[in-house]
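File shown: target_8.txt. Contents: compact mmCIF, C-alpha atoms.
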```txt
# COMPACT_ATOMS: atom_id res chain seq x y z
CA MET A 20 0.00 0.00 0.00
CA GLY A 21 1.71 3.16 -1.22
CA GLN A 22 1.75 6.34 0.84
CA LYS A 23 1.82 9.54 -1.23
CA ILE A 24 3.17 12.92 -0.16
CA HIS A 25 3.23 16.25 -1.98
CA PRO A 26 6.70 16.80 -3.52
CA ARG A 27 6.70 20.47 -2.51
CA GLY A 28 5.59 19.79 1.06
CA PHE A 29 8.26 17.09 1.36
CA ARG A 30 10.96 19.68 0.56
CA LEU A 31 9.62 22.69 2.48
CA GLY A 32 12.32 24.42 4.48
CA TYR A 33 15.07 22.57 2.61
CA ILE A 34 15.02 23.67 -1.04
CA GLN A 35 11.39 24.88 -1.31
CA ASP A 36 9.72 27.91 0.27
CA TRP A 37 6.19 28.52 1.56
CA GLN A 38 3.57 30.10 -0.69
CA SER A 39 1.88 31.75 2.32
CA LYS A 40 4.25 33.78 4.49
CA TRP A 41 2.65 34.82 7.78
CA PHE A 42 2.22 33.53 11.33
CA SER A 43 -0.74 33.90 13.69
CA LEU A 44 -1.75 31.27 16.24
CA LYS A 45 -5.07 32.87 17.18
CA LYS A 46 -6.36 33.64 13.67
CA MET A 47 -4.78 30.74 11.81
CA PRO A 48 -8.02 28.97 10.69
CA GLU A 49 -9.54 32.26 9.54
CA LEU A 50 -6.44 33.31 7.59
CA ILE A 51 -6.04 29.88 5.96
CA GLY A 52 -9.64 30.17 4.73
CA GLU A 53 -8.93 33.68 3.41
CA ASP A 54 -5.88 32.44 1.49
CA PHE A 55 -7.96 29.64 -0.04
CA GLU A 56 -10.70 32.06 -1.15
CA ILE A 57 -8.18 34.56 -2.57
CA ARG A 58 -6.47 31.89 -4.67
CA ASN A 59 -9.80 30.56 -5.94
CA MET A 60 -10.86 34.09 -6.88
CA VAL A 61 -7.67 34.66 -8.88
CA ARG A 62 -7.95 31.30 -10.69
CA GLU A 63 -11.62 31.74 -11.59
CA ARG A 64 -11.15 35.31 -12.79
CA PHE A 65 -8.07 34.58 -14.92
CA LEU A 66 -8.83 31.16 -16.38
CA LEU A 67 -7.20 32.01 -19.72
CA ALA A 68 -4.24 33.93 -18.26
CA SER A 69 -2.08 30.83 -17.49
CA VAL A 70 -1.85 31.58 -13.75
CA SER A 71 0.39 29.06 -12.00
CA TRP A 72 0.32 30.03 -8.32
CA VAL A 73 -0.22 32.98 -5.96
CA ASP A 74 2.16 33.99 -3.16
CA ILE A 75 0.55 35.65 -0.13
CA GLU A 76 2.46 37.71 2.45
CA ARG A 77 0.82 39.31 5.49
CA ALA A 78 2.16 42.04 7.78
CA GLY A 79 -0.37 43.49 10.20
CA SER A 80 -3.26 44.99 8.24
CA TYR A 81 -1.41 44.74 4.91
CA VAL A 82 -1.51 41.86 2.41
CA LYS A 83 0.82 41.47 -0.57
CA LEU A 84 -0.18 39.19 -3.45
CA THR A 85 2.26 38.02 -6.11
CA ILE A 86 0.55 36.41 -9.12
CA HIS A 87 2.87 34.16 -11.14
CA THR A 88 1.60 33.92 -14.71
CA ALA A 89 2.88 33.26 -18.22
CA ARG A 90 0.64 36.03 -19.64
CA PRO A 91 0.98 39.10 -17.40
CA GLY A 92 -0.74 41.38 -19.92
CA VAL A 93 -4.00 39.42 -19.63
CA VAL A 94 -3.89 39.66 -15.82
CA ILE A 95 -3.18 43.39 -15.78
CA GLY A 96 -5.80 44.21 -18.38
CA ARG A 97 -6.21 47.34 -20.44
CA ARG A 98 -4.65 50.26 -18.51
CA GLY A 99 -4.61 48.09 -15.38
CA ALA A 100 -8.40 47.84 -15.11
CA ASP A 101 -8.55 44.10 -14.35
CA ILE A 102 -5.90 44.23 -11.64
CA GLU A 103 -7.62 47.20 -9.98
CA ASN A 104 -10.97 45.37 -9.92
CA LEU A 105 -9.27 42.34 -8.36
CA LYS A 106 -7.64 44.57 -5.76
CA LYS A 107 -10.99 46.09 -4.75
CA ASP A 108 -12.70 42.69 -4.50
CA VAL A 109 -9.91 41.22 -2.35
CA GLU A 110 -10.01 44.28 -0.05
CA VAL A 111 -13.77 43.76 0.41
CA LEU A 112 -13.18 40.06 1.14
CA THR A 113 -10.37 40.53 3.67
CA GLY A 114 -10.95 44.05 5.01
CA ARG A 115 -7.23 44.80 4.66
CA LYS A 116 -5.03 46.96 2.44
CA ILE A 117 -3.96 44.94 -0.62
CA PHE A 118 -0.85 45.26 -2.79
CA ILE A 119 -0.67 43.15 -5.97
CA ASN A 120 2.41 42.30 -8.02
CA VAL A 121 2.45 40.32 -11.27
CA ALA A 122 5.48 38.09 -11.94
CA GLU A 123 6.08 36.63 -15.39
CA ILE A 124 6.95 32.96 -15.87
CA LYS A 125 9.53 33.08 -18.65
CA ILE A 126 9.55 29.32 -19.46
CA PRO A 127 5.95 27.99 -19.19
CA GLU A 128 7.08 24.51 -20.34
CA MET A 129 9.03 24.14 -17.06
CA ASP A 130 6.00 24.84 -14.86
CA PRO A 131 3.98 21.67 -14.07
CA ARG A 132 0.71 23.52 -13.41
CA LEU A 133 0.85 25.26 -16.80
CA VAL A 134 1.82 22.00 -18.51
CA GLY A 135 -1.18 20.31 -16.86
CA GLN A 136 -3.48 23.14 -17.95
CA ALA A 137 -2.27 22.82 -21.55
CA ILE A 138 -2.93 19.06 -21.55
CA ALA A 139 -6.37 19.56 -19.95
CA GLN A 140 -7.34 22.12 -22.61
CA GLN A 141 -6.37 19.67 -25.36
CA LEU A 142 -8.37 16.89 -23.73
CA GLU A 143 -11.42 19.17 -23.61
CA LYS A 144 -10.99 19.69 -27.38
CA ARG A 145 -11.17 15.89 -27.84
CA ILE A 146 -7.49 15.47 -28.71
CA GLY A 147 -6.05 12.06 -27.84
CA HIS A 148 -4.44 11.95 -24.39
CA LYS A 149 -1.31 10.10 -25.61
CA LYS A 150 -0.69 12.64 -28.35
CA ALA A 151 -1.16 15.60 -25.98
CA ILE A 152 1.08 14.09 -23.30
CA LYS A 153 3.93 13.16 -25.63
CA ARG A 154 3.89 16.63 -27.18
CA ALA A 155 4.04 18.26 -23.73
CA MET A 156 6.87 15.96 -22.60
CA GLU A 157 8.97 16.76 -25.67
CA ARG A 158 8.57 20.50 -25.14
CA THR A 159 9.48 20.24 -21.46
CA MET A 160 12.60 18.14 -22.09
CA ALA A 161 13.65 20.53 -24.88
CA SER A 162 13.36 23.44 -22.42
CA GLY A 163 16.07 21.95 -20.16
CA ALA A 164 14.24 19.65 -17.72
CA LEU A 165 16.06 16.55 -16.45
CA GLY A 166 12.87 14.49 -16.29
CA ILE A 167 9.08 14.61 -16.42
CA LYS A 168 6.29 12.28 -15.35
CA ILE A 169 2.63 12.72 -16.29
CA MET A 170 -0.32 10.68 -15.05
CA VAL A 171 -3.90 10.95 -16.31
CA GLY A 172 -6.92 9.27 -14.76
CA GLY A 173 -10.58 9.01 -15.76
CA ARG A 174 -12.64 7.81 -18.71
CA LEU A 175 -9.78 8.11 -21.18
CA GLY A 176 -10.86 8.03 -24.80
CA GLY A 177 -14.53 7.82 -23.78
CA SER A 178 -14.19 4.33 -22.28
CA GLU A 179 -16.91 3.13 -19.89
CA ILE A 180 -14.44 2.04 -17.20
CA ALA A 181 -12.11 4.67 -15.75
CA ARG A 182 -8.42 3.90 -15.69
CA ARG A 183 -5.05 5.51 -15.04
CA GLU A 184 -2.10 5.79 -17.37
CA TRP A 185 1.27 7.38 -16.71
CA PHE A 186 4.23 8.33 -18.91
CA ARG A 187 7.78 9.23 -17.93
CA LYS A 188 10.78 10.65 -19.71
CA GLY A 189 14.15 11.13 -18.03
CA ARG A 190 14.69 10.86 -14.25
CA VAL A 191 12.18 11.82 -11.54
CA PRO A 192 13.77 10.95 -8.13
CA LEU A 193 10.85 11.69 -5.80
CA GLN A 194 12.66 10.52 -2.63
CA THR A 195 15.77 12.67 -3.17
CA LEU A 196 15.48 15.83 -1.06
CA SER A 197 18.13 17.70 -3.04
CA ALA A 198 16.19 17.16 -6.30
CA ASP A 199 14.19 20.23 -7.34
CA ILE A 200 10.90 18.55 -8.32
CA ASP A 201 7.80 20.65 -8.90
CA TYR A 202 4.28 19.20 -8.97
CA GLY A 203 1.01 20.32 -10.50
CA LEU A 204 -2.57 19.03 -10.59
CA CYS A 205 -5.25 20.01 -13.09
CA GLU A 206 -8.68 18.71 -14.15
CA ALA A 207 -10.18 18.52 -17.64
CA MET A 208 -13.97 18.90 -17.85
CA THR A 209 -14.81 16.63 -20.78
CA ILE A 210 -18.21 15.41 -22.03
CA MET A 211 -17.55 11.95 -20.58
CA GLY A 212 -16.63 13.37 -17.16
CA LYS A 213 -13.60 14.71 -15.32
CA ILE A 214 -10.08 13.64 -16.24
CA GLY A 215 -7.35 14.39 -13.74
CA VAL A 216 -3.86 15.38 -14.92
CA LYS A 217 -0.85 15.17 -12.58
CA VAL A 218 2.57 16.46 -13.64
CA TRP A 219 5.98 16.06 -11.98
CA ILE A 220 8.98 17.97 -13.43
CA PHE A 221 12.57 17.35 -12.31
CA LYS A 222 14.35 20.67 -12.93
CA LYS A 223 17.81 20.34 -11.36
CA LEU A 224 19.79 18.75 -8.55
CA PHE A 225 21.11 20.87 -5.67
CA PHE A 226 24.31 20.22 -3.65
CA ALA A 227 25.52 17.42 -5.94
CA LYS A 228 28.38 17.42 -8.44
CA THR A 229 29.74 14.83 -10.83
CA PRO A 230 33.44 13.78 -10.71
CA ARG A 231 34.09 15.81 -13.86
CA GLU A 232 32.65 18.96 -12.23
CA LEU A 233 34.79 18.38 -9.12
CA MET A 234 37.94 18.03 -11.23
CA GLU A 235 37.13 21.22 -13.17
CA GLN A 236 36.56 23.08 -9.91
CA LEU A 237 39.91 21.79 -8.55
CA LYS A 238 41.74 22.93 -11.71
CA LYS A 239 40.18 26.40 -11.42
CA LEU A 240 41.28 26.68 -7.79
CA GLN A 241 44.83 25.61 -8.70
CA ALA A 242 44.94 28.17 -11.51
CA GLU A 243 43.63 30.99 -9.29
CA THR A 244 45.84 30.35 -6.21
CA PRO A 245 49.45 31.60 -6.65
CA VAL A 246 52.27 29.11 -6.08
CA GLU A 247 54.58 30.03 -3.21
CA VAL A 248 58.31 29.67 -4.08
CA THR A 249 60.91 29.67 -1.30
CA VAL A 250 64.54 30.37 -2.27
CA ASP A 251 67.58 29.93 -0.04
CA LEU A 252 69.69 33.12 -0.26
CA ASP A 253 73.04 31.34 0.37
CA GLN A 254 72.41 28.85 -2.43
CA ALA A 255 71.40 31.67 -4.76
CA LYS A 256 74.69 33.56 -4.04
CA GLU A 257 76.80 30.44 -4.69
CA GLN A 258 75.06 29.81 -8.01
CA ASN A 259 75.56 33.42 -9.04
CA SER A 260 79.30 33.32 -8.15
CA LYS A 261 79.79 30.19 -10.23
```

If you took the structure in this file and wrote it as structure tokens, what would it be?
Amino acid sequence: MGQKIHPRGFRLGYIQDWQSKWFSLKKMPELIGEDFEIRNMVRERFLLASVSWVDIERAGSYVKLTIHTARPGVVIGRRGADIENLKKDVEVLTGRKIFINVAEIKIPEMDPRLVGQAIAQQLEKRIGHKKAIKRAMERTMASGALGIKIMVGGRLGGSEIARREWFRKGRVPLQTLSADIDYGLCEAMTIMGKIGVKVWIFKKLFFAKTPRELMEQLKKLQAETPVEVTVDLDQAKEQNSK
């Protein structure tokens, strides 16, 4: 019987950081609910803006939101109208002063949530799941990922019995803490029902070097450090006299 754990939660405090940065023992349940409602509001309002995740920071009566998206222009809107409407709605919801930043995701193929959204959109257009998954995996590996794993579950291809299929390319070491593995979950609303899409992307490995990298680092250190030469003055005088 397998026990599953979220790859990001498994690495929190080691190589991953929290998406909600605040601390309050008395109001913790209330603030957790607020964070959940804020993130749902952002996702529902910007369905076509390729929003990956939302960072929330709290300091007293101030709240700072950072929206990570591959299409910042769609989030901001014409002359900033959409972002201002979102700011007003969040202030009404929380009763606090809101500051909103928009961060651009430069390589969407390396973000598992955006990869899952792209696959889900293709499934909703009745494109074959194998074709959509293989295309997404090729783009991710071409963008510099070390490995990717994708699992889909549901009535695949319109079958009467739901099943799960998974595909992997490269390495995905889930139990290695130093491995930077990001995870995303998305759902496709098809005519035959929901199809879940899970994506794991292995980006890089921290604190680990190959023997070749260690040798190159040693050569650089030897080239940078000056060599100390000690000369005996008496021997130098005798050699000069000869």

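Each of A:Ala161, A:Asp199, A:Val94, A:Phe186 was compared to Asp36 of chain A using only C-alpha atoms, and A:Asp199 turns out to be the nearest.
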
A straight line from atom CA of Thr88 of chain A to atom CA of Cys205 of chain A spans 15.6 Å

May I ask for the distance between atom CA of Glu76 of chain A and atom CA of Ser39 of chain A, given in Å to one decimal place? 6.0 Å

What's around Lys168 of chain A at 7 Å? Count only C-alpha atoms, leave out sequence neighbours fewer than 4 positions away in its own chain, and write the answer as a list in words. Phe186, Arg187, Lys188, Val218, Trp219 and Ile220 of chain A

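Among the candidates A:Ala122, A:Leu142, A:Leu165, A:Val134, the one nearest to Gly212 of chain A when counting all atoms listed in the file is A:Leu142.
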
Which neighbours of Ala139 of chain A fall inside 10 Å, counting all atoms listed in the file, when residues of the same chain fewer than 3 positions from it are skipped, and could you give them as a VMD selection string? chain A and resid 133 to 136 142 to 146 148 151 to 152 171 205 to 209 213 to 216

Suppose we keep C-alpha atoms; can you now write the selection as a CSV table (one decimal), in the coordinates of the input?
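In the end it all went to out07.csv:
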```csv
chain,number,residue,atom,x,y,z
A,133,LEU,CA,0.8,25.3,-16.8
A,134,VAL,CA,1.8,22.0,-18.5
A,135,GLY,CA,-1.2,20.3,-16.9
A,136,GLN,CA,-3.5,23.1,-18.0
A,142,LEU,CA,-8.4,16.9,-23.7
A,143,GLU,CA,-11.4,19.2,-23.6
A,144,LYS,CA,-11.0,19.7,-27.4
A,145,ARG,CA,-11.2,15.9,-27.8
A,146,ILE,CA,-7.5,15.5,-28.7
A,148,HIS,CA,-4.4,12.0,-24.4
A,151,ALA,CA,-1.2,15.6,-26.0
A,152,ILE,CA,1.1,14.1,-23.3
A,171,VAL,CA,-3.9,11.0,-16.3
A,205,CYS,CA,-5.2,20.0,-13.1
A,206,GLU,CA,-8.7,18.7,-14.2
A,207,ALA,CA,-10.2,18.5,-17.6
A,208,MET,CA,-14.0,18.9,-17.8
A,209,THR,CA,-14.8,16.6,-20.8
A,213,LYS,CA,-13.6,14.7,-15.3
A,214,ILE,CA,-10.1,13.6,-16.2
A,215,GLY,CA,-7.4,14.4,-13.7
A,216,VAL,CA,-3.9,15.4,-14.9
```

Can you tell me which residues surround Val109 of chain A at a distance of at most 12 Å, considering all atoms listed in the file, apart from same-chain residues fewer than 5 positions away, and format the answer as a PDB file with C-alpha atoms, in the coordinates of the input?
```
ATOM      1  CA  GLU A  53      -8.930  33.680   3.410  1.00  0.00           C
ATOM      2  CA  ASP A  54      -5.880  32.440   1.490  1.00  0.00           C
ATOM      3  CA  PHE A  55      -7.960  29.640  -0.040  1.00  0.00           C
ATOM      4  CA  GLU A  56     -10.700  32.060  -1.150  1.00  0.00           C
ATOM      5  CA  ILE A  57      -8.180  34.560  -2.570  1.00  0.00           C
ATOM      6  CA  ARG A  58      -6.470  31.890  -4.670  1.00  0.00           C
ATOM      7  CA  ASN A  59      -9.800  30.560  -5.940  1.00  0.00           C
ATOM      8  CA  MET A  60     -10.860  34.090  -6.880  1.00  0.00           C
ATOM      9  CA  VAL A  61      -7.670  34.660  -8.880  1.00  0.00           C
ATOM     10  CA  TYR A  81      -1.410  44.740   4.910  1.00  0.00           C
ATOM     11  CA  VAL A  82      -1.510  41.860   2.410  1.00  0.00           C
ATOM     12  CA  LYS A  83       0.820  41.470  -0.570  1.00  0.00           C
ATOM     13  CA  LEU A  84      -0.180  39.190  -3.450  1.00  0.00           C
ATOM     14  CA  ILE A 102      -5.900  44.230 -11.640  1.00  0.00           C
ATOM     15  CA  GLU A 103      -7.620  47.200  -9.980  1.00  0.00           C
ATOM     16  CA  ASN A 104     -10.970  45.370  -9.920  1.00  0.00           C
ATOM     17  CA  GLY A 114     -10.950  44.050   5.010  1.00  0.00           C
ATOM     18  CA  ARG A 115      -7.230  44.800   4.660  1.00  0.00           C
ATOM     19  CA  LYS A 116      -5.030  46.960   2.440  1.00  0.00           C
ATOM     20  CA  ILE A 117      -3.960  44.940  -0.620  1.00  0.00           C
ATOM     21  CA  PHE A 118      -0.850  45.260  -2.790  1.00  0.00           C
ATOM     22  CA  ILE A 119      -0.670  43.150  -5.970  1.00  0.00           C
TER      23      ILE A 119
END
```

Which value, in Å to one decimal, gives the distance between atom CA of Glu235 of chain A and atom CA of Arg30 of chain A?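 Distance reported for this atom pair: 29.6 Å.
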
Can you pull out the residues contacting Phe42 of chain A? Cut-off 12 Å, using only C-alpha atoms, and skip same-chain residues under 2 positions away; I want them as a PyMOL selection string. chain A and resi 37+39-40+44-51+75-79
